[in-house]
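Undergrad: Structure in structure tokens, see below.
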Amino acid sequence: MKPLPLPVRLAAGLAVTALEQARKLPQQLAGLPLTVVSEAMQLSMRVQQHVTELAIKGDDVLSGLRPAEEEPEWATFDEDETPVTTSQETPADDPWEEEERAIAEVPEFLPMYDELSIAQLRARLRNLDVEQLEELLRYEKAHESRPEFVGMLNRRIATVKAQS
């Protein structure tokens with residue numbers, strides 16, 4: 001017996017599949033609203049992911065065009081608003097003291113100091129006493145000597161001393 005032509009076989013297979021799907025239709029209709037809602041939520045999530053990816057790429061490109069501020073204008077202590085004058089002057093540095101500073105380690109009370117941004121450090125300074133602030137200042141001068149960090153530490157030391 002010769003096999004039937006391909007179009008006939010395809011038509012028979014299509015008819016059987018349609019009949020099977022028609023038998024399953026009552027069961028599928030019950031779950032249809034849930035399926036539609038689920039697919040809509042998945043589509044929404046994919047769109048949100050694509051939007052977020054585009055925003056991240058845009059941030060990367062734009063961050064190269066304008067550098068971020070090291071010390072934002074709004075990041076100040078309340079005490080910094082009023083100028084504090086001190087009559088203390090720093091004596092000339094002792095050579096032994098300079099050598100001691102060069103081998104200084106990160107202060108134990110703030111072990112992650114080197115990783116902190118200026119805003120993160122500013123948030124932690126309120127909890128430190130004068131001795132700890134001066135230790136941080138010595139460490140900063142001996143290592144990075146970043147002007148914005150040195151200035152902020154000096155202002156905070158002066159403020160704490162004035163309040164004492």
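How things are named: the first chain in the structure tokens is A, the next is B, and so on; residues count from 1 in each chain; ligands count from 1 in the order shown.
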Pick out the residues sitting within 10 Å of region 108-111 of chain A, and hand them over as a ChimeraX atom specification; count only C-alpha atoms, and ignore anything fewer than 3 positions along from it in its own chain.
TA: /A:105,114-116,121,124,128,132,136
Undergrad: Would you save the residues from that selection as a compact mmCIF listing (two decimals), in the first residue's frame, using N, CA, C and O atoms?
TA:
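What ended up in selection.txt:
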# COMPACT_ATOMS: atom_id res chain seq x y z
N GLU A 105 48.99 53.38 60.82
CA GLU A 105 48.03 52.47 60.21
C GLU A 105 46.64 53.10 60.29
O GLU A 105 46.42 54.05 61.02
N ASP A 114 39.74 54.33 54.44
CA ASP A 114 40.25 54.57 53.09
C ASP A 114 39.21 54.36 52.00
O ASP A 114 39.33 54.92 50.91
N GLU A 115 38.17 53.57 52.28
CA GLU A 115 37.14 53.31 51.27
C GLU A 115 35.99 54.31 51.33
O GLU A 115 35.12 54.31 50.47
N LEU A 116 35.93 55.15 52.35
CA LEU A 116 34.80 56.06 52.54
C LEU A 116 34.86 57.25 51.59
O LEU A 116 35.92 57.79 51.34
N LEU A 121 32.13 59.72 55.22
CA LEU A 121 32.95 60.09 56.37
C LEU A 121 32.24 61.15 57.20
O LEU A 121 32.20 61.07 58.43
N ARG A 124 29.90 59.92 59.71
CA ARG A 124 30.48 59.22 60.87
C ARG A 124 31.20 60.15 61.84
O ARG A 124 31.48 59.77 62.96
N LEU A 128 32.62 60.87 66.79
CA LEU A 128 34.03 60.79 67.18
C LEU A 128 34.40 61.94 68.11
O LEU A 128 33.89 63.06 67.99
N GLN A 132 40.09 61.18 68.45
CA GLN A 132 39.88 60.33 67.27
C GLN A 132 39.93 61.17 65.99
O GLN A 132 40.51 60.76 64.99
N LEU A 136 42.55 60.76 62.90
CA LEU A 136 42.15 60.67 61.48
C LEU A 136 42.86 61.73 60.65
O LEU A 136 43.31 61.47 59.53
